[in-house]
Amino acid sequence: MYKTKEIAALVGVHPNTVRIYEDWNYISSVPRGENGYRIYSDLHLFQLKVARVAFRCEIVQGLIRAKARAIVEASGKEDFAQALEYAQAYLSHLEKEYYQALEAIELSEQWMCGLESASIQTYTRKEAAQVLDLTSEVIRNWERNGLLTVPRLSNGSRSYTENEIKRLKIIRTLRAAHYSMSAILRLMNKAEMMRATDINIKKVLETPEDHEDIISVTDRLTISLEQAIESAKELLLLLRVKLNLE
């Protein structure tokens with residue numbers, strides 16, 4: 001049996017966090033003693049460990065936080081088999097996100113080292129959006145943020161060539177991997193200033209310039225995902241041991 005302060009110390013959280021987790025049903029209902037104080041058991045300790053490991057991940061975008069929360073909620077209901085199923089899906093999702101992040105870096109390298117397209121085919125913004133399976137508004141937003149400059153025809157309308165399409169594909173991939181627009185713009189600016197062989201793409205994306213105040217989690221995506229994957233594996237081990245599957 002544990003008091004609030006004792007169990008909080010065992011999992012490394014503030015006592016108020018333990019009470020909040022009870023309110024949010026992340027742990028089972030906690031009985032009280034004759035004096036009115038909460039009395040926690042090993043079950044609660046296990047559930048708190050699950051929550052602690054699941055919420056260790058700093059990444060909040062996409063479905064990552066929601067998937068972690070689903071694991072904790074199932075654990076709070078004492079449905080550890082369901083929690084294990086969610087944890088397996090969580091790990092698969094993280095690994096997919098990780099490979100997409102690595103792919104974004106690889107495609108950037110290919111783009112920077114490649115030759116410009118000799119194709120004379122052009123596209124309107126609407127046509128470019130259809131080719132890339134995006135909306136015209138998304139492309140317009142990227143242009144507003146300086147990620148892309150599109151040449152114009154004599155009548156003033158934009159003309160997207162194969163070179164713009166290729167650049168848009170890189171931007172789309174990086175955005176899908178949850179890199180911030182500031183990180184992508186930083187890469188694009190570096191590409192214009194330096195020879196491709198002098199650029200470490202991964203370092204540029206994950207290291208902000210000196211004048212930037214905020215280090216976005218998205219700028220450290222691959223590192224954060226590696227840490228999240230390790231936490232997901234730890235969750236799987238905890239739950240498998242609980243279910244006597246190890």
# chains A, B, ... in the order shown; residues from 1 in each chain; ligands from 1
>>> residues_around(residues="A:Val53", least_positions_apart="2", cutoff="12 Å", atoms="only C-alpha atoms", output="ChimeraX atom specification")
/A:11-13,46-51,55-58,68-69,71-72,87,227-239
>>> write_last_selection(atoms="C-alpha atoms", output="short mmCIF file (atom, residue, chain, number, x, y, z; two decimals), in the first residue's frame")
data_model
loop_
_atom_site.label_atom_id
_atom_site.label_comp_id
_atom_site.auth_asym_id
_atom_site.auth_seq_id
_atom_site.Cartn_x
_atom_site.Cartn_y
_atom_site.Cartn_z
CA VAL A 11 7.27 6.89 -10.69
CA GLY A 12 8.94 10.31 -10.62
CA VAL A 13 5.91 12.59 -10.87
CA PHE A 46 1.79 -0.37 -12.67
CA GLN A 47 -0.81 1.88 -14.31
CA LEU A 48 1.21 4.96 -13.41
CA LYS A 49 4.32 3.39 -14.94
CA VAL A 50 2.38 2.75 -18.15
CA ALA A 51 1.22 6.38 -18.24
CA PHE A 55 3.63 10.21 -22.14
CA ARG A 56 7.42 10.38 -22.25
CA CYS A 57 7.11 11.09 -25.96
CA GLU A 58 7.34 14.83 -26.69
CA ALA A 68 -0.41 7.01 -26.57
CA ARG A 69 -3.48 8.22 -24.67
CA ILE A 71 -2.96 2.87 -24.33
CA VAL A 72 -3.11 4.68 -21.00
CA ALA A 87 0.77 -0.42 -27.93
CA GLN A 227 13.19 8.00 -28.37
CA ALA A 228 9.45 7.42 -28.79
CA ILE A 229 10.07 4.05 -30.44
CA GLU A 230 12.21 2.97 -27.50
CA SER A 231 9.43 4.04 -25.10
CA ALA A 232 6.87 2.10 -27.15
CA LYS A 233 9.03 -1.02 -26.92
CA GLU A 234 9.26 -0.49 -23.15
CA LEU A 235 5.46 -0.26 -23.00
CA LEU A 236 5.13 -3.53 -24.88
CA LEU A 237 7.48 -5.25 -22.46
CA LEU A 238 5.60 -3.89 -19.42
CA LEU A 239 2.26 -5.07 -20.74
#
>>> residues_around(residues="stretch 27-44 of chain A", least_positions_apart="4", cutoff="12 Å", atoms="only C-alpha atoms", output="ChimeraX atom specification")
/A:1-8,10-11,15,17-23,48-52,71-80,242
>>> residues_around(residues="A:Glu143", least_positions_apart="2", cutoff="12 Å", atoms="only C-alpha atoms", output="mmCIF file with N, CA and C atoms, in the first residue's frame")
data_model
loop_
_atom_site.group_PDB
_atom_site.id
_atom_site.type_symbol
_atom_site.label_atom_id
_atom_site.label_comp_id
_atom_site.auth_asym_id
_atom_site.auth_seq_id
_atom_site.Cartn_x
_atom_site.Cartn_y
_atom_site.Cartn_z
ATOM 1 N N ARG A 125 -1.965 26.181 -61.034
ATOM 2 C CA ARG A 125 -1.899 25.776 -59.624
ATOM 3 C C ARG A 125 -2.880 24.634 -59.366
ATOM 4 N N SER A 136 -5.243 23.412 -53.646
ATOM 5 C CA SER A 136 -4.637 24.650 -54.141
ATOM 6 C C SER A 136 -4.275 25.572 -52.981
ATOM 7 N N GLU A 137 -5.077 25.551 -51.915
ATOM 8 C CA GLU A 137 -4.821 26.417 -50.771
ATOM 9 C C GLU A 137 -3.534 26.034 -50.056
ATOM 10 N N VAL A 138 -3.232 24.737 -49.981
ATOM 11 C CA VAL A 138 -1.986 24.297 -49.348
ATOM 12 C C VAL A 138 -0.791 24.838 -50.123
ATOM 13 N N ILE A 139 -0.833 24.711 -51.450
ATOM 14 C CA ILE A 139 0.270 25.213 -52.276
ATOM 15 C C ILE A 139 0.384 26.725 -52.138
ATOM 16 N N ARG A 140 -0.752 27.407 -52.140
ATOM 17 C CA ARG A 140 -0.746 28.868 -51.970
ATOM 18 C C ARG A 140 -0.106 29.251 -50.639
ATOM 19 N N ASN A 141 -0.407 28.495 -49.587
ATOM 20 C CA ASN A 141 0.155 28.782 -48.264
ATOM 21 C C ASN A 141 1.663 28.596 -48.255
ATOM 22 N N ASN A 145 4.615 31.491 -47.544
ATOM 23 C CA ASN A 145 5.665 31.322 -46.529
ATOM 24 C C ASN A 145 7.060 31.238 -47.137
ATOM 25 N N GLY A 146 7.168 31.516 -48.432
ATOM 26 C CA GLY A 146 8.480 31.601 -49.067
ATOM 27 C C GLY A 146 9.115 30.297 -49.461
ATOM 28 N N LEU A 147 8.360 29.186 -49.371
ATOM 29 C CA LEU A 147 8.946 27.890 -49.705
ATOM 30 C C LEU A 147 9.092 27.686 -51.201
ATOM 31 N N LEU A 148 8.381 28.481 -51.968
ATOM 32 C CA LEU A 148 8.364 28.275 -53.412
ATOM 33 C C LEU A 148 8.092 29.597 -54.121
ATOM 34 N N THR A 149 8.865 29.860 -55.154
ATOM 35 C CA THR A 149 8.616 31.012 -56.028
ATOM 36 C C THR A 149 8.280 30.479 -57.412
ATOM 37 N N VAL A 150 7.117 30.824 -57.888
ATOM 38 C CA VAL A 150 6.623 30.263 -59.146
ATOM 39 C C VAL A 150 6.709 31.310 -60.257
ATOM 40 N N PRO A 151 7.333 30.952 -61.392
ATOM 41 C CA PRO A 151 7.409 31.898 -62.513
ATOM 42 C C PRO A 151 6.007 32.212 -63.049
ATOM 43 N N ARG A 158 0.407 32.136 -62.821
ATOM 44 C CA ARG A 158 1.533 31.292 -62.441
ATOM 45 C C ARG A 158 1.664 30.096 -63.373
ATOM 46 N N GLU A 164 9.215 23.015 -60.482
ATOM 47 C CA GLU A 164 8.388 23.406 -59.348
ATOM 48 C C GLU A 164 7.657 22.194 -58.762
ATOM 49 N N ARG A 167 10.091 20.328 -56.608
ATOM 50 C CA ARG A 167 10.301 21.025 -55.333
ATOM 51 C C ARG A 167 9.085 20.869 -54.435
ATOM 52 N N LEU A 168 7.903 20.940 -55.018
ATOM 53 C CA LEU A 168 6.681 20.763 -54.232
ATOM 54 C C LEU A 168 6.602 19.360 -53.637
ATOM 55 N N ILE A 171 8.747 19.402 -50.567
ATOM 56 C CA ILE A 171 8.066 20.124 -49.489
ATOM 57 C C ILE A 171 6.939 19.270 -48.918
ATOM 58 N N MET A 181 7.564 24.542 -41.344
ATOM 59 C CA MET A 181 7.856 25.309 -42.555
ATOM 60 C C MET A 181 9.142 26.115 -42.395
ATOM 61 N N LEU A 185 12.164 25.925 -45.000
ATOM 62 C CA LEU A 185 12.678 27.149 -45.617
ATOM 63 C C LEU A 185 14.173 27.284 -45.371
#
>>> closest_residue(among="A:Ala129, A:Val241, A:Leu153, A:Ala183", to="A:Ile165", atoms="only C-alpha atoms")
A:Ala129
>>> atom_distance(atom1="atom CA of A:Leu134", atom2="atom CA of A:Ile170")
13.0 Å
>>> select_by_dssp(residues="stretch 8-186 of chain A", states="helix (DSSP H, G or I)", output="ChimeraX atom specification")
/A:8-11,15-23,42-54,64-76,80-113,125-132,136-144,162-176,181-186
>>> atom_distance(atom1="atom CA of A:Ser182", atom2="atom CA of A:Leu63")
22.0 Å
>>> atom_distance(atom1="atom CA of A:Tyr99", atom2="atom CA of A:Lys169")
16.6 Å
